[in-house]
Amino acid sequence: MIERDELLAVRAAELYYDETKTQDEIGALLGITRWKVGRLLAQARELGYIRIEIVHPRARRLPLERALRERFGLVDAVVVPSPSDSAELHERVARAAADYLGAMRPVPRTLGVSWGRTLRDLADHLPDGWATGLSVVQINGGVSLNQRVGTAAATAARIAEKGRGDVTLLPSPAIFERLETKLSIESDRTVAEVLRTAAAADTYLYGAGVAGPDSALVHSGYLTAADVDVLVARGAVGDVVGRYIDAEGMIVDPTLDERTVGLGLEALRGAARSIAVIAGAPKHAVARAVVSSGLCTVLVTDEATATTLLNDLEPSPVQQHTPEHGLLGRNAP
């Protein structure tokens, strides 16, 4: 009898999903009531005979989101399918982050934003009027040091424009060559006020950079590829708001960090809402560091990254860094 019911459940599933028959039609074909058909379909789902996959590019992987929340103590998570094409992956995650931000309630009063390609694209995907009276503040320096078009100010301004609000920009490079210059800039009344506003934001939005030659900090002229190699040798897995961290979410080079302008990591850890948008295989290590060290309350990512985070029970071993020595000796005030 059990085997007969299993075969009936499979046949009912075939007729319902493959032949698009109604439950009444299936009942007539199999000689059973429509209520029995409903029970057979439920049984087929419970026993794993039916697998339903939603393939829309803006679909979300709800079981993975739940698992991320439970494993890492996140307030929320957004996970989208991982396409094979990296450009499409980037597009999906940026759009998912824009969807999440636009639907978030309560709407942020003051939104602190970082910069980079992901947030630039997120800003493009935000709908006009996603918020009203929003205040946006740039949380780390981003004035470009080379001929590349800077995105920091443009990203913050775009998010504010679409949120029908105002923007406060941080008119400073991300990293200074000398500590004394950085301290002088931060003591300026205008810059100091921006930093105070950033520290008081109720929501933060940021991406994460890779620890490699493709880093935005390398492309923008702040560091060289050789500089990043030194950081990697000391355990760097990537950067968050311009600050290089190791697998445990700790600063790799304190003297380099002292010359970095913007919000500190402890502000992110203490925030009620901090949204990290991180995706792609090159960022698996930094994503792990971010979620496992409390740097975000919300993670927006892709399916492959989420699966990797959940499957990694222990962080990968890294070389010990030596905080008493600064990056390439460029640390004396």
# chains A, B, ... in the order shown; residues from 1 in each chain; ligands from 1
>>> select_by_dssp(residues="range 193-329 of chain A", states="strand (DSSP E or B)", output="short mmCIF file (atom, residue, chain, number, x, y, z; two decimals) with C-alpha atoms, in the first residue's frame")
data_model
loop_
_atom_site.label_atom_id
_atom_site.label_comp_id
_atom_site.auth_asym_id
_atom_site.auth_seq_id
_atom_site.Cartn_x
_atom_site.Cartn_y
_atom_site.Cartn_z
CA THR A 203 22.42 53.09 9.02
CA TYR A 204 25.60 52.25 7.11
CA LEU A 205 25.96 50.86 3.59
CA TYR A 206 29.26 49.60 2.24
CA GLY A 207 31.01 47.06 0.04
CA ALA A 208 34.33 45.29 0.55
CA GLY A 209 37.48 45.29 -1.53
CA VAL A 210 39.75 42.44 -2.52
CA GLY A 238 40.44 42.55 1.92
CA ASP A 239 39.40 46.05 2.92
CA VAL A 240 36.29 47.49 4.53
CA ARG A 243 40.74 49.60 6.10
CA TYR A 244 42.54 46.30 5.50
CA ILE A 245 41.46 43.46 7.77
CA ILE A 251 43.26 45.72 11.34
CA THR A 260 43.26 56.30 6.61
CA GLY A 262 36.91 57.91 7.68
CA ARG A 273 22.05 48.67 10.95
CA SER A 274 25.12 48.11 8.83
CA ILE A 275 24.54 46.63 5.38
CA ALA A 276 27.45 44.88 3.65
CA VAL A 277 27.15 44.15 -0.07
CA VAL A 298 22.78 42.65 7.06
CA LEU A 299 24.60 40.80 4.27
CA VAL A 300 23.63 41.04 0.61
CA THR A 301 25.44 38.39 -1.42
CA ASP A 302 25.20 35.60 -3.99
#
>>> residues_around(residues="Ala272 in chain A", least_positions_apart="2", cutoff="12 Å", atoms="only C-alpha atoms", output="PyMOL selection string")
chain A and resi 74-76+108+111+200-205+267-270+274-275+294-298
>>> write_last_selection(atoms="all heavy atoms", output="short mmCIF file (atom, residue, chain, number, x, y, z; two decimals), in the first residue's frame")
data_model
loop_
_atom_site.label_atom_id
_atom_site.label_comp_id
_atom_site.auth_asym_id
_atom_site.auth_seq_id
_atom_site.Cartn_x
_atom_site.Cartn_y
_atom_site.Cartn_z
N LEU A 74 22.96 37.43 12.15
CA LEU A 74 22.60 38.61 11.37
C LEU A 74 21.14 38.99 11.60
O LEU A 74 20.29 38.14 11.87
CB LEU A 74 22.81 38.33 9.88
CG LEU A 74 24.24 38.00 9.44
CD1 LEU A 74 24.25 37.60 7.97
CD2 LEU A 74 25.18 39.18 9.68
N VAL A 75 20.85 40.26 11.47
CA VAL A 75 19.47 40.72 11.51
C VAL A 75 18.75 40.29 10.25
O VAL A 75 17.57 39.90 10.28
CB VAL A 75 19.41 42.25 11.68
CG1 VAL A 75 17.98 42.76 11.56
CG2 VAL A 75 20.01 42.66 13.02
N ASP A 76 19.44 40.33 9.13
CA ASP A 76 18.83 39.94 7.86
C ASP A 76 19.91 39.54 6.86
O ASP A 76 21.10 39.85 7.05
CB ASP A 76 17.99 41.07 7.28
CG ASP A 76 16.82 40.57 6.45
OD1 ASP A 76 16.78 39.35 6.15
OD2 ASP A 76 15.95 41.37 6.11
N PRO A 108 16.02 54.95 6.69
CA PRO A 108 17.08 55.61 7.46
C PRO A 108 16.88 57.12 7.49
O PRO A 108 16.43 57.73 6.53
CB PRO A 108 18.36 55.26 6.67
CG PRO A 108 18.01 54.06 5.86
CD PRO A 108 16.55 54.18 5.55
N LEU A 111 22.00 58.08 6.36
CA LEU A 111 22.61 56.90 5.77
C LEU A 111 24.07 57.19 5.47
O LEU A 111 24.40 58.07 4.68
CB LEU A 111 21.87 56.53 4.47
CG LEU A 111 22.46 55.37 3.67
CD1 LEU A 111 22.35 54.06 4.44
CD2 LEU A 111 21.76 55.24 2.31
N ALA A 200 27.42 59.49 13.63
CA ALA A 200 26.08 59.51 14.21
C ALA A 200 25.02 58.92 13.30
O ALA A 200 23.84 58.90 13.67
CB ALA A 200 25.71 60.96 14.56
N ALA A 201 25.39 58.42 12.13
CA ALA A 201 24.40 57.85 11.20
C ALA A 201 23.71 56.65 11.84
O ALA A 201 24.31 55.90 12.62
CB ALA A 201 25.08 57.44 9.90
N ASP A 202 22.44 56.44 11.49
CA ASP A 202 21.71 55.30 12.05
C ASP A 202 21.81 54.06 11.17
O ASP A 202 21.47 52.96 11.62
CB ASP A 202 20.24 55.65 12.29
CG ASP A 202 19.53 56.10 11.03
OD1 ASP A 202 19.68 57.29 10.66
OD2 ASP A 202 18.84 55.28 10.41
N THR A 203 22.28 54.22 9.93
CA THR A 203 22.42 53.09 9.02
C THR A 203 23.68 53.29 8.18
O THR A 203 23.96 54.41 7.74
CB THR A 203 21.20 52.97 8.08
OG1 THR A 203 20.02 52.85 8.88
CG2 THR A 203 21.32 51.75 7.17
N TYR A 204 24.41 52.19 7.96
CA TYR A 204 25.60 52.25 7.11
C TYR A 204 25.45 51.28 5.95
O TYR A 204 24.85 50.20 6.08
CB TYR A 204 26.86 51.90 7.90
CG TYR A 204 27.18 52.91 8.98
CD1 TYR A 204 27.03 52.58 10.32
CD2 TYR A 204 27.61 54.20 8.65
CE1 TYR A 204 27.31 53.51 11.32
CE2 TYR A 204 27.88 55.12 9.64
CZ TYR A 204 27.73 54.78 10.97
OH TYR A 204 28.00 55.71 11.95
N LEU A 205 26.02 51.67 4.80
CA LEU A 205 25.96 50.86 3.59
C LEU A 205 27.35 50.85 2.97
O LEU A 205 27.91 51.91 2.68
CB LEU A 205 24.95 51.47 2.61
CG LEU A 205 24.84 50.83 1.23
CD1 LEU A 205 24.24 49.43 1.32
CD2 LEU A 205 23.98 51.71 0.30
N ALA A 267 32.75 51.53 14.78
CA ALA A 267 31.47 52.20 14.51
C ALA A 267 30.54 51.27 13.75
O ALA A 267 29.33 51.24 13.99
CB ALA A 267 31.69 53.49 13.74
N LEU A 268 31.10 50.50 12.80
CA LEU A 268 30.28 49.53 12.07
C LEU A 268 29.79 48.43 13.00
O LEU A 268 28.64 48.00 12.93
CB LEU A 268 31.09 48.91 10.93
CG LEU A 268 31.48 49.83 9.77
CD1 LEU A 268 32.30 49.06 8.74
CD2 LEU A 268 30.24 50.44 9.11
N ARG A 269 30.68 47.98 13.87
CA ARG A 269 30.30 46.90 14.80
C ARG A 269 29.23 47.35 15.79
O ARG A 269 28.43 46.55 16.26
CB ARG A 269 31.53 46.39 15.55
CG ARG A 269 32.49 45.59 14.68
CD ARG A 269 33.50 44.82 15.51
NE ARG A 269 34.31 43.96 14.66
CZ ARG A 269 35.52 44.27 14.20
NH1 ARG A 269 36.07 45.43 14.55
NH2 ARG A 269 36.17 43.44 13.43
N GLY A 270 29.24 48.61 16.13
CA GLY A 270 28.28 49.11 17.10
C GLY A 270 27.00 49.64 16.49
O GLY A 270 26.10 50.06 17.23
N SER A 274 23.98 47.95 9.73
CA SER A 274 25.12 48.11 8.83
C SER A 274 24.99 47.06 7.74
O SER A 274 24.99 45.86 8.03
CB SER A 274 26.45 47.97 9.58
OG SER A 274 26.48 46.77 10.34
N ILE A 275 24.85 47.51 6.51
CA ILE A 275 24.54 46.63 5.38
C ILE A 275 25.80 46.44 4.54
O ILE A 275 26.33 47.41 3.97
CB ILE A 275 23.43 47.23 4.51
CG1 ILE A 275 22.20 47.55 5.36
CG2 ILE A 275 23.06 46.29 3.37
CD1 ILE A 275 21.19 48.45 4.68
N GLY A 294 31.29 40.49 13.21
CA GLY A 294 30.28 41.45 13.60
C GLY A 294 30.34 42.79 12.91
O GLY A 294 29.83 43.79 13.44
N LEU A 295 30.93 42.83 11.70
CA LEU A 295 31.04 44.11 10.99
C LEU A 295 29.77 44.49 10.24
O LEU A 295 29.68 45.59 9.70
CB LEU A 295 32.22 44.07 10.02
CG LEU A 295 33.60 44.24 10.67
CD1 LEU A 295 34.71 43.91 9.69
CD2 LEU A 295 33.76 45.67 11.21
N CYS A 296 28.80 43.60 10.18
CA CYS A 296 27.54 43.96 9.52
C CYS A 296 26.38 43.30 10.26
O CYS A 296 26.55 42.28 10.93
CB CYS A 296 27.53 43.55 8.05
SG CYS A 296 27.45 41.76 7.76
N THR A 297 25.21 43.89 10.12
CA THR A 297 23.98 43.27 10.62
C THR A 297 23.18 42.68 9.47
O THR A 297 22.31 41.85 9.70
CB THR A 297 23.11 44.29 11.36
OG1 THR A 297 22.68 45.31 10.45
CG2 THR A 297 23.87 44.94 12.51
N VAL A 298 23.46 43.14 8.25
CA VAL A 298 22.78 42.65 7.06
C VAL A 298 23.83 42.33 6.00
O VAL A 298 24.72 43.15 5.75
CB VAL A 298 21.78 43.69 6.50
CG1 VAL A 298 21.11 43.16 5.23
CG2 VAL A 298 20.74 44.05 7.55
#
>>> atom_distance(atom1="CA of Ser172 in chain A", atom2="CA of Gly142 in chain A")
6.4 Å
>>> closest_atom_pairs(of="range 26-72 of chain A", to="range 3-22 of chain A", cutoff="9 Å", atoms="only C-alpha atoms", output="CSV")
residue,atom,partner,partner_atom,distance
A:Ile26,CA,A:Thr22,CA,6.2
A:Gly27,CA,A:Ala12,CA,8.5
A:Leu30,CA,A:Leu8,CA,8.1
A:Arg34,CA,A:Thr22,CA,9.0
A:Val37,CA,A:Ala12,CA,6.6
A:Gly38,CA,A:Ala12,CA,8.9
A:Arg39,CA,A:Ala9,CA,8.5
A:Leu40,CA,A:Ala9,CA,4.6
A:Leu41,CA,A:Ala13,CA,6.0
A:Ala42,CA,A:Ala9,CA,8.5
A:Gln43,CA,A:Ala9,CA,6.8
A:Ala44,CA,A:Ala9,CA,5.6
A:Arg45,CA,A:Ala13,CA,9.0
A:Tyr49,CA,A:Val10,CA,7.0
A:Ile50,CA,A:Ala13,CA,7.4
>>> write_last_selection(atoms="C-alpha atoms", output="mmCIF file, in the first residue's frame")
data_model
loop_
_atom_site.group_PDB
_atom_site.id
_atom_site.type_symbol
_atom_site.label_atom_id
_atom_site.label_comp_id
_atom_site.auth_asym_id
_atom_site.auth_seq_id
_atom_site.Cartn_x
_atom_site.Cartn_y
_atom_site.Cartn_z
ATOM 1 C CA ILE A 26 -5.806 14.311 -12.077
ATOM 2 C CA GLY A 27 -8.433 12.816 -9.763
ATOM 3 C CA LEU A 30 -6.316 8.302 -11.428
ATOM 4 C CA ARG A 34 -9.269 15.847 -5.692
ATOM 5 C CA VAL A 37 -4.652 14.407 -5.114
ATOM 6 C CA GLY A 38 -3.837 17.334 -2.839
ATOM 7 C CA ARG A 39 -2.551 14.991 -0.129
ATOM 8 C CA LEU A 40 -0.427 13.089 -2.683
ATOM 9 C CA LEU A 41 1.167 16.310 -3.953
ATOM 10 C CA ALA A 42 1.960 17.382 -0.394
ATOM 11 C CA GLN A 43 3.455 13.938 0.266
ATOM 12 C CA ALA A 44 5.591 14.185 -2.866
ATOM 13 C CA ARG A 45 7.000 17.512 -1.688
ATOM 14 C CA TYR A 49 10.130 13.877 -5.095
ATOM 15 C CA ILE A 50 9.425 17.447 -6.167
#
>>> atom_distance(atom1="CA of Ser215 in chain A", atom2="CA of Val291 in chain A")
20.1 Å
>>> residues_around(residues="Ala289 in chain A", least_positions_apart="2", cutoff="9 Å", atoms="only C-alpha atoms", output="list in words")
Val237, Gly238, Ile245, Asp246, Ala247, Glu248, Gly249, Met250, His284, Ala285, Val286, Ala287, Val291, Ser292, Ser293, Gly294, Leu295 and Pro315 of chain A
>>> write_last_selection(atoms="C-alpha atoms", output="compact mmCIF listing (two decimals), in the first residue's frame")
# COMPACT_ATOMS: atom_id res chain seq x y z
CA VAL A 237 41.93 39.28 3.19
CA GLY A 238 40.44 42.55 1.92
CA ILE A 245 41.46 43.46 7.77
CA ASP A 246 42.56 39.90 8.44
CA ALA A 247 40.43 36.75 8.64
CA GLU A 248 39.26 37.71 12.14
CA GLY A 249 38.19 41.19 11.12
CA MET A 250 41.14 42.91 12.78
CA HIS A 284 34.79 34.97 -0.14
CA ALA A 285 37.58 35.49 2.41
CA VAL A 286 36.69 39.10 3.22
CA ALA A 287 32.97 38.22 3.34
CA VAL A 291 30.13 38.31 8.97
CA SER A 292 32.13 36.38 11.55
CA SER A 293 33.51 39.50 13.27
CA GLY A 294 30.28 41.45 13.60
CA LEU A 295 31.04 44.11 10.99
CA PRO A 315 38.55 30.43 9.13
>>> select_by_dssp(residues="range 163-294 of chain A", states="alpha helix (DSSP H)", output="PyMOL selection string")
chain A and resi 179-187+189-199+216-219+225-233+254-258+265-269+284-292
>>> residues_around(residues="Gly102 in chain A", least_positions_apart="2", cutoff="10 Å", atoms="only C-alpha atoms", output="count of residues only")
16
>>> closest_residue(among="A:Val167, A:Ala211, A:Val228, A:Ala153", to="Leu134 in chain A", atoms="only C-alpha atoms")
A:Val167
>>> residues_around(residues="Gly112 in chain A", least_positions_apart="6", cutoff="6 Å", atoms="only C-alpha atoms", output="MDAnalysis selection string")
chainID A and resid 136:139 198 201 204
>>> residues_around(residues="Glu88 in chain A", least_positions_apart="6", cutoff="12 Å", atoms="only C-alpha atoms", output="number ranges by chain")
A: 57-58, 80-82, 94-95, 279-280, 302
>>> write_last_selection(atoms="N, CA, C and O atoms", output="short mmCIF file (atom, residue, chain, number, x, y, z; two decimals), in the first residue's frame")
data_model
loop_
_atom_site.label_atom_id
_atom_site.label_comp_id
_atom_site.auth_asym_id
_atom_site.auth_seq_id
_atom_site.Cartn_x
_atom_site.Cartn_y
_atom_site.Cartn_z
N PRO A 57 16.18 36.17 -12.27
CA PRO A 57 17.45 36.73 -11.76
C PRO A 57 17.30 37.52 -10.47
O PRO A 57 18.29 37.74 -9.77
N ARG A 58 16.10 37.98 -10.17
CA ARG A 58 15.90 38.73 -8.92
C ARG A 58 15.26 37.87 -7.83
O ARG A 58 14.85 38.38 -6.79
N VAL A 80 21.02 36.00 -3.66
CA VAL A 80 20.47 35.84 -5.02
C VAL A 80 21.23 34.72 -5.73
O VAL A 80 22.35 34.38 -5.35
N PRO A 81 20.63 34.13 -6.77
CA PRO A 81 21.30 33.06 -7.51
C PRO A 81 22.63 33.54 -8.10
O PRO A 81 22.78 34.71 -8.45
N SER A 82 23.58 32.62 -8.23
CA SER A 82 24.90 32.94 -8.77
C SER A 82 24.98 32.53 -10.24
O SER A 82 25.07 31.33 -10.54
N ALA A 94 24.03 44.00 -6.98
CA ALA A 94 23.80 45.44 -6.83
C ALA A 94 22.31 45.75 -6.87
O ALA A 94 21.81 46.57 -6.09
N ARG A 95 21.59 45.09 -7.77
CA ARG A 95 20.14 45.32 -7.87
C ARG A 95 19.42 44.81 -6.62
O ARG A 95 18.50 45.46 -6.11
N ALA A 279 30.04 40.06 -2.87
CA ALA A 279 29.73 38.87 -3.67
C ALA A 279 30.90 38.51 -4.56
O ALA A 279 31.78 39.33 -4.85
N GLY A 280 30.91 37.27 -5.01
CA GLY A 280 31.93 36.79 -5.94
C GLY A 280 33.04 36.03 -5.25
O GLY A 280 33.40 36.33 -4.10
N ASP A 302 25.66 36.58 -3.00
CA ASP A 302 25.20 35.60 -3.99
C ASP A 302 25.20 34.22 -3.38
O ASP A 302 25.78 33.97 -2.31
#
